[in-house]
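Here is the file start-v8.cif (mmCIF, C-alpha atoms).
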```
data_start
loop_
_atom_site.label_atom_id
_atom_site.label_comp_id
_atom_site.auth_asym_id
_atom_site.auth_seq_id
_atom_site.Cartn_x
_atom_site.Cartn_y
_atom_site.Cartn_z
CA MET R 1 -2.66 -70.54 109.53
CA ALA R 2 -2.32 -72.64 112.67
CA ILE R 3 0.90 -72.14 114.66
CA PRO R 4 2.95 -75.36 114.74
CA TRP R 5 3.36 -76.96 118.18
CA PRO R 6 7.02 -76.07 118.72
CA ASP R 7 6.23 -72.36 118.23
CA LYS R 8 3.56 -72.29 120.89
CA ASP R 9 4.63 -71.33 124.38
CA ASP R 10 3.90 -73.48 127.42
CA HIS R 11 0.87 -71.48 128.44
CA GLU R 12 -0.71 -71.79 125.00
CA LEU R 13 -0.09 -75.53 125.08
CA LEU R 14 -1.62 -75.77 128.55
CA ALA R 15 -4.73 -73.96 127.38
CA LEU R 16 -5.06 -76.60 124.67
CA VAL R 17 -4.40 -79.40 127.15
CA GLN R 18 -7.25 -78.00 129.25
CA GLU R 19 -9.45 -78.47 126.17
CA GLY R 20 -8.30 -82.10 125.93
CA SER R 21 -5.65 -81.82 123.21
CA HIS R 22 -3.35 -84.85 123.20
CA PRO R 23 -0.85 -83.39 120.68
CA ALA R 24 -0.42 -80.29 122.87
CA PHE R 25 0.19 -82.50 125.89
CA ALA R 26 2.69 -84.61 123.93
CA GLU R 27 4.60 -81.45 122.95
CA LEU R 28 4.65 -80.23 126.56
CA VAL R 29 5.96 -83.61 127.72
CA ARG R 30 8.57 -83.75 124.95
CA ARG R 31 9.77 -80.29 125.86
CA HIS R 32 10.16 -80.74 129.62
CA THR R 33 10.51 -84.45 130.47
CA GLU R 34 14.29 -84.36 130.57
CA ARG R 35 14.63 -81.53 133.11
CA TYR R 36 12.06 -82.97 135.50
CA TYR R 37 13.54 -86.41 135.19
CA ARG R 38 16.95 -84.96 136.14
CA LEU R 39 15.48 -83.37 139.24
CA ALA R 40 13.57 -86.51 140.23
CA PHE R 41 16.72 -88.58 139.76
CA ARG R 42 18.62 -86.29 142.11
CA TYR R 43 16.10 -87.08 144.82
CA LEU R 44 15.51 -90.73 144.12
CA GLN R 45 18.89 -91.87 142.75
CA ASN R 46 17.17 -94.54 140.71
CA ARG R 47 16.28 -94.39 137.03
CA GLU R 48 13.04 -96.39 137.13
CA ALA R 49 11.76 -94.55 140.19
CA ALA R 50 12.61 -91.17 138.66
CA GLU R 51 10.94 -92.09 135.37
CA ASP R 52 7.81 -93.28 137.19
CA MET R 53 7.76 -90.09 139.22
CA VAL R 54 7.92 -87.86 136.16
CA GLN R 55 5.25 -89.97 134.45
CA ASP R 56 2.99 -89.65 137.50
CA ALA R 57 3.49 -85.90 137.64
CA PHE R 58 2.62 -85.45 133.96
CA LEU R 59 -0.35 -87.82 134.12
CA LYS R 60 -1.73 -85.91 137.10
CA LEU R 61 -1.47 -82.77 135.00
CA TRP R 62 -3.24 -84.48 132.10
CA GLU R 63 -5.97 -85.88 134.33
CA ASP R 64 -6.78 -82.54 135.89
CA PRO R 65 -5.21 -79.76 133.78
CA HIS R 66 -7.26 -77.14 135.61
CA ARG R 67 -4.89 -77.51 138.57
CA TRP R 68 -2.78 -75.09 136.57
CA HIS R 69 -4.12 -71.54 136.71
CA ALA R 70 -2.72 -69.32 133.98
CA ASP R 71 -3.75 -66.15 135.79
CA LYS R 72 -1.35 -66.76 138.69
CA ASN R 73 1.49 -65.03 136.85
CA THR R 74 3.74 -68.01 137.48
CA LYS R 75 5.79 -69.79 134.86
CA PHE R 76 4.61 -73.31 134.11
CA THR R 77 8.12 -74.68 134.59
CA THR R 78 8.39 -73.14 138.08
CA TRP R 79 4.99 -74.46 139.10
CA PHE R 80 5.73 -77.92 137.75
CA TYR R 81 9.12 -78.03 139.49
CA ARG R 82 7.14 -77.52 142.71
CA VAL R 83 4.80 -80.38 141.78
CA VAL R 84 7.74 -82.74 141.11
CA VAL R 85 9.63 -81.67 144.26
CA ASN R 86 6.53 -82.28 146.39
CA LEU R 87 5.96 -85.71 144.84
CA CYS R 88 9.61 -86.64 145.42
CA LEU R 89 9.48 -85.48 149.05
CA ASP R 90 6.21 -87.35 149.63
CA LEU R 91 7.70 -90.54 148.24
CA HIS R 92 10.83 -90.02 150.28
CA LYS R 93 8.74 -89.73 153.46
CA LYS R 94 6.77 -92.86 152.63
CA LYS R 95 9.69 -95.17 152.04
CA GLN R 96 13.31 -95.48 152.90
CA PRO R 97 15.62 -93.89 150.35
CA SER R 98 16.98 -96.39 147.88
CA GLU R 99 20.58 -97.36 148.10
CA LEU R 100 22.90 -95.23 146.05
CA ASN R 101 23.52 -96.73 142.69
CA GLU R 102 27.11 -97.81 142.59
CA ASP R 103 26.78 -98.85 138.96
CA MET R 104 26.16 -95.30 137.85
CA PRO R 105 28.16 -94.88 134.64
CA ILE R 106 31.26 -92.76 134.64
CA ILE R 107 31.01 -90.42 131.71
CA ASP R 108 34.63 -89.68 130.97
CA ASP R 109 36.12 -92.80 129.38
CA ARG R 110 39.61 -91.27 129.24
CA GLU R 111 40.01 -91.49 133.01
CA SER R 112 42.27 -94.14 134.37
CA ALA R 113 40.75 -96.93 136.42
CA ASP R 114 42.02 -95.35 139.66
CA GLU R 115 40.65 -91.95 138.77
CA ALA R 116 37.36 -93.45 137.78
CA MET R 117 37.13 -95.35 141.05
CA GLN R 118 38.00 -92.24 143.04
CA ARG R 119 35.43 -90.21 141.17
CA LYS R 120 32.80 -92.87 141.74
CA GLN R 121 33.51 -92.89 145.45
CA GLN R 122 33.31 -89.10 145.52
CA GLN R 123 29.94 -89.22 143.80
CA ILE R 124 28.58 -91.81 146.19
CA ALA R 125 29.81 -89.84 149.18
CA LEU R 126 28.37 -86.61 147.76
CA GLU R 127 24.95 -88.14 147.07
CA GLY R 128 24.90 -89.71 150.52
CA ALA R 129 25.78 -86.39 152.15
CA ILE R 130 23.11 -84.54 150.13
CA ALA R 131 20.50 -87.19 150.96
CA ALA R 132 21.26 -86.69 154.66
CA LEU R 133 20.67 -82.91 154.52
CA PRO R 134 17.48 -81.45 155.99
CA GLU R 135 14.64 -81.41 153.45
CA ARG R 136 14.72 -77.70 152.58
CA GLN R 137 18.50 -77.55 152.29
CA ARG R 138 18.45 -80.62 150.04
CA THR R 139 15.79 -79.07 147.85
CA ALA R 140 17.76 -75.81 147.63
CA ILE R 141 20.90 -77.68 146.55
CA ASN R 142 19.01 -79.85 144.04
CA LEU R 143 17.34 -76.83 142.47
CA CYS R 144 20.28 -74.42 142.48
CA TYR R 145 22.67 -76.86 140.89
CA ASP R 146 20.16 -77.87 138.25
CA GLU R 147 21.09 -76.50 134.85
CA GLY R 148 18.84 -73.83 133.51
CA LEU R 149 17.31 -72.81 136.82
CA SER R 150 18.32 -69.41 138.22
CA ASN R 151 18.49 -68.77 141.96
CA GLN R 152 15.37 -66.62 141.66
CA ASP R 153 13.55 -69.48 139.91
CA ALA R 154 14.69 -71.87 142.62
CA ALA R 155 13.43 -69.44 145.28
CA ASP R 156 10.09 -69.22 143.44
CA VAL R 157 9.79 -73.01 143.32
CA MET R 158 10.33 -73.14 147.09
CA ALA R 159 8.03 -70.15 147.62
CA ILE R 160 10.70 -68.29 149.59
CA ASN R 161 12.65 -65.12 148.90
CA LEU R 162 16.10 -65.04 147.34
CA LYS R 163 17.89 -64.29 150.62
CA ALA R 164 16.27 -67.24 152.36
CA LEU R 165 17.33 -69.49 149.49
CA GLN R 166 20.90 -68.24 149.61
CA SER R 167 20.96 -68.86 153.34
CA LEU R 168 19.72 -72.44 152.85
CA VAL R 169 22.38 -73.07 150.19
CA MET R 170 25.11 -71.62 152.41
CA ARG R 171 24.13 -73.82 155.34
CA ALA R 172 23.87 -76.87 153.10
CA LYS R 173 27.32 -76.23 151.64
CA ALA R 174 28.84 -75.77 155.09
CA THR R 175 27.42 -79.13 156.14
CA LEU R 176 28.58 -80.81 152.94
CA LYS R 177 32.07 -79.37 153.31
CA GLU R 178 32.25 -80.85 156.79
CA ARG R 179 30.92 -84.25 155.74
CA LEU R 180 33.06 -84.52 152.63
CA LYS R 181 36.24 -83.36 154.31
CA SER R 182 38.23 -86.33 153.11
CA TYR R 183 37.29 -85.76 149.48
CA LEU R 184 37.97 -82.01 149.32
CA MET I 1 42.71 -73.63 152.07
CA SER I 2 39.05 -72.97 152.69
CA ASP I 3 38.74 -71.32 149.26
CA HIS I 4 40.23 -74.38 147.67
CA ARG I 5 37.72 -76.61 149.45
CA ASP I 6 34.87 -74.31 148.41
CA GLU I 7 35.96 -74.53 144.79
CA LYS I 8 36.27 -78.30 145.00
CA LEU I 9 32.81 -78.60 146.52
CA GLU I 10 31.38 -76.31 143.83
CA SER I 11 32.91 -78.40 141.09
CA LEU I 12 31.67 -81.58 142.75
CA LEU I 13 28.15 -80.20 142.96
CA HIS I 14 28.26 -79.15 139.32
CA SER I 15 29.51 -82.55 138.24
CA ARG I 16 26.74 -84.58 139.87
CA ARG I 17 25.95 -87.50 137.63
CA VAL I 18 22.46 -88.25 136.44
CA GLU I 19 21.80 -91.58 134.82
CA ALA I 20 20.11 -90.80 131.52
CA ALA I 21 16.41 -91.59 131.19
CA ARG I 22 15.32 -94.07 128.54
CA LEU I 23 14.95 -92.30 125.22
CA ASP I 24 11.27 -93.13 124.85
CA LEU I 25 10.21 -91.72 128.24
CA ALA I 26 8.34 -88.76 126.75
CA THR I 27 6.62 -91.01 124.20
CA ARG I 28 5.61 -93.47 126.90
CA ILE I 29 4.09 -90.68 128.99
CA SER I 30 2.15 -89.32 126.00
CA LEU I 31 0.86 -92.78 125.08
CA LYS I 32 -0.15 -93.51 128.67
CA ALA I 33 -2.08 -90.22 128.78
CA GLN I 34 -4.22 -91.44 125.88
CA THR I 35 -5.62 -94.16 128.14
CA VAL I 36 -6.36 -91.79 131.02
CA PRO I 37 -9.60 -89.78 130.90
CA GLN I 38 -9.52 -86.12 131.87
CA ILE I 39 -11.50 -84.88 134.84
CA GLN I 40 -14.10 -82.45 133.58
CA ASN I 41 -14.21 -79.27 135.59
CA ILE I 42 -17.88 -78.23 135.36
CA SER I 43 -19.11 -74.99 136.90
CA LEU I 44 -22.47 -74.70 138.69
CA TRP I 45 -23.93 -72.83 135.73
CA GLN I 46 -22.74 -75.52 133.31
CA SER I 47 -24.14 -78.31 135.48
CA LEU I 48 -27.52 -76.52 135.66
CA ARG I 49 -27.54 -76.09 131.91
CA GLN I 50 -26.70 -79.77 131.51
CA LEU I 51 -29.57 -80.73 133.85
CA PHE I 52 -32.07 -78.57 131.94
CA SER I 53 -30.85 -79.86 128.63
CA GLU I 54 -31.60 -83.39 129.85
CA LEU I 55 -35.15 -82.29 130.70
CA HIS I 56 -35.50 -80.43 127.42
CA LEU I 57 -38.69 -81.25 125.47
CA PRO I 58 -38.08 -81.20 121.75
CA LYS I 59 -41.64 -80.00 120.87
CA PRO I 60 -43.36 -78.70 124.01
CA GLY I 61 -46.63 -77.94 122.12
CA TYR I 62 -47.09 -81.53 121.02
CA VAL I 63 -46.15 -82.86 124.46
CA LEU I 64 -48.74 -80.58 126.15
CA ALA I 65 -51.47 -81.51 123.65
CA SER I 66 -50.71 -85.23 124.04
CA ALA I 67 -50.83 -84.92 127.84
CA LEU I 68 -54.23 -83.17 127.64
CA VAL I 69 -55.71 -85.79 125.30
CA LEU I 70 -54.35 -88.61 127.44
CA GLY I 71 -55.78 -87.01 130.58
CA MET I 72 -59.22 -86.62 128.98
CA VAL I 73 -59.27 -90.20 127.72
CA MET I 74 -58.32 -91.51 131.14
CA GLY I 75 -60.90 -89.25 132.75
CA PHE I 76 -63.73 -90.54 130.50
CA ASN I 77 -62.75 -94.15 131.00
CA THR I 78 -62.90 -94.01 134.79
CA THR I 79 -66.31 -95.01 136.34
CA PRO I 80 -67.54 -92.24 138.62
CA ASP I 81 -67.69 -93.40 142.25
CA ASN I 82 -70.52 -91.46 144.01
CA SER I 83 -70.65 -93.51 147.20
CA THR I 84 -69.98 -91.61 150.41
CA ILE I 85 -68.64 -92.60 153.80
CA GLN I 86 -72.22 -92.78 155.14
CA ASP I 87 -73.10 -95.33 152.44
CA ALA I 88 -70.14 -97.38 153.39
CA ASN I 89 -71.15 -97.31 157.10
CA TYR I 90 -74.74 -98.28 156.24
CA THR I 91 -73.55 -101.23 154.23
CA THR I 92 -71.32 -102.37 157.07
CA THR I 93 -74.16 -102.09 159.65
CA GLN I 94 -76.59 -103.99 157.39
CA SER I 95 -74.15 -106.80 156.95
CA MET I 96 -73.84 -107.22 160.74
CA ILE I 97 -77.63 -107.68 161.32
CA PRO I 98 -78.63 -111.33 161.27
CA GLY I 99 -81.00 -112.40 158.47
CA ASP I 100 -84.16 -112.82 160.64
CA GLU I 101 -83.86 -109.47 162.35
CA GLY I 102 -83.57 -107.85 158.99
CA PHE I 103 -87.17 -108.61 158.17
CA LEU I 104 -88.53 -107.16 161.44
#
```
Encoded form using structure tokens:
Amino acid sequence: MAIPWPDKDDHELLALVQEGSHPAFAELVRRHTERYYRLAFRYLQNREAAEDMVQDAFLKLWEDPHRWHADKNTKFTTWFYRVVVNLCLDLHKKKQPSELNEDMPIIDDRESADEAMQRKQQQIALEGAIAALPERQRTAINLCYDEGLSNQDAADVMAINLKALQSLVMRAKATLKERLKSYL
Amino acid sequence: MSDHRDEKLESLLHSRRVEAARLDLATRISLKAQTVPQIQNISLWQSLRQLFSELHLPKPGYVLASALVLGMVMGFNTTPDNSTIQDANYTTTQSMIPGDEGFL
């Protein structure tokens, strides 16, 4: 009996994608779109741009699925994080970063208007400070504070060791603490 | 004081907002992929096999026999040309001699 799509692991799905299977690709996309979108959004701060970025990344995988080598002993998610990070950094180098979205919704509706405003300002200041960090520190912060990604995974994505990652995060946090003094 | 600021920064970093993607993003990507052809990764061996399969003769015996018959038919239909270079030169020389001198 054939194993249903949700029970197949990523590597099994990728093997099928390499044979041209659209349903396997659709399952892979369904499974991981959200997490890569979140990461892309953290770099681009714009929904449309982040969606386009994730779409590009997945379509590149579909177009040439042999870019993924199963024998490398790397998790698909780690490898694909690297692909998305590189695309985001490339785009960032090509054009000026978009303005921070001041209309970003505030999730907690129970907050008073003042609290909501203060929180919004904090968010804008935080995103601005992160955007101004050096590339590697920014990537370390974006990856380490992404849900579901351990520090070791983040280090693997950046192809550095754990200590180097921790050092990058420490330096980034020191800079952020300095820049966000008035909010802390 | 510094600890308090560290904690505050940590909580700020953990509370970073992400505007939700449109619900149909995954579906859109899957549908778009259906319009994009995949790049075929063909090895040297596969490309050689493909080349030979294009040159493959379904019934080599018949093809060889037909080629032989065709060659023989063409051979029989061609008029044999026995003239040599010397003949050609003689003809050219004769044509250059004026008519009167030819009789002498």
Closest atom pairs, chain I residues within 6 Å of chain R, only C-alpha atoms, as a Markdown table:
```
| residue | atom | partner | partner_atom | distance |
| --- | --- | --- | --- | --- |
| I:Arg5 | CA | R:Leu184 | CA | 5.4 |
| I:Lys8 | CA | R:Leu184 | CA | 5.9 |
| I:Ala26 | CA | R:Arg30 | CA | 5.3 |
| I:Ile29 | CA | R:Gln55 | CA | 5.6 |
| I:Ser30 | CA | R:Ala26 | CA | 5.2 |
| I:Gln38 | CA | R:Glu63 | CA | 4.3 |
| I:Ile39 | CA | R:Asp64 | CA | 5.4 |
```
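Atom CA of I:Val36 is positioned 16.4 Å from atom CA of R:Met53.
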So what does the PyMOL selection byres ((chain R and resi 79-90) around 8) actually pick up in this one, as a PDB file with C-alpha atoms, in the coordinates of the input?
```pdb
ATOM      1  CA  TYR R  36      12.060 -82.970 135.500  1.00  0.00           C
ATOM      2  CA  LEU R  39      15.480 -83.370 139.240  1.00  0.00           C
ATOM      3  CA  ALA R  40      13.570 -86.510 140.230  1.00  0.00           C
ATOM      4  CA  TYR R  43      16.100 -87.080 144.820  1.00  0.00           C
ATOM      5  CA  LEU R  44      15.510 -90.730 144.120  1.00  0.00           C
ATOM      6  CA  MET R  53       7.760 -90.090 139.220  1.00  0.00           C
ATOM      7  CA  VAL R  54       7.920 -87.860 136.160  1.00  0.00           C
ATOM      8  CA  ALA R  57       3.490 -85.900 137.640  1.00  0.00           C
ATOM      9  CA  THR R  74       3.740 -68.010 137.480  1.00  0.00           C
ATOM     10  CA  LYS R  75       5.790 -69.790 134.860  1.00  0.00           C
ATOM     11  CA  PHE R  76       4.610 -73.310 134.110  1.00  0.00           C
ATOM     12  CA  THR R  77       8.120 -74.680 134.590  1.00  0.00           C
ATOM     13  CA  THR R  78       8.390 -73.140 138.080  1.00  0.00           C
ATOM     14  CA  LEU R  91       7.700 -90.540 148.240  1.00  0.00           C
ATOM     15  CA  HIS R  92      10.830 -90.020 150.280  1.00  0.00           C
ATOM     16  CA  LYS R  93       8.740 -89.730 153.460  1.00  0.00           C
ATOM     17  CA  LYS R  94       6.770 -92.860 152.630  1.00  0.00           C
ATOM     18  CA  GLU R 135      14.640 -81.410 153.450  1.00  0.00           C
ATOM     19  CA  THR R 139      15.790 -79.070 147.850  1.00  0.00           C
ATOM     20  CA  VAL R 157       9.790 -73.010 143.320  1.00  0.00           C
ATOM     21  CA  MET R 158      10.330 -73.140 147.090  1.00  0.00           C
TER      22      MET R 158
END
```
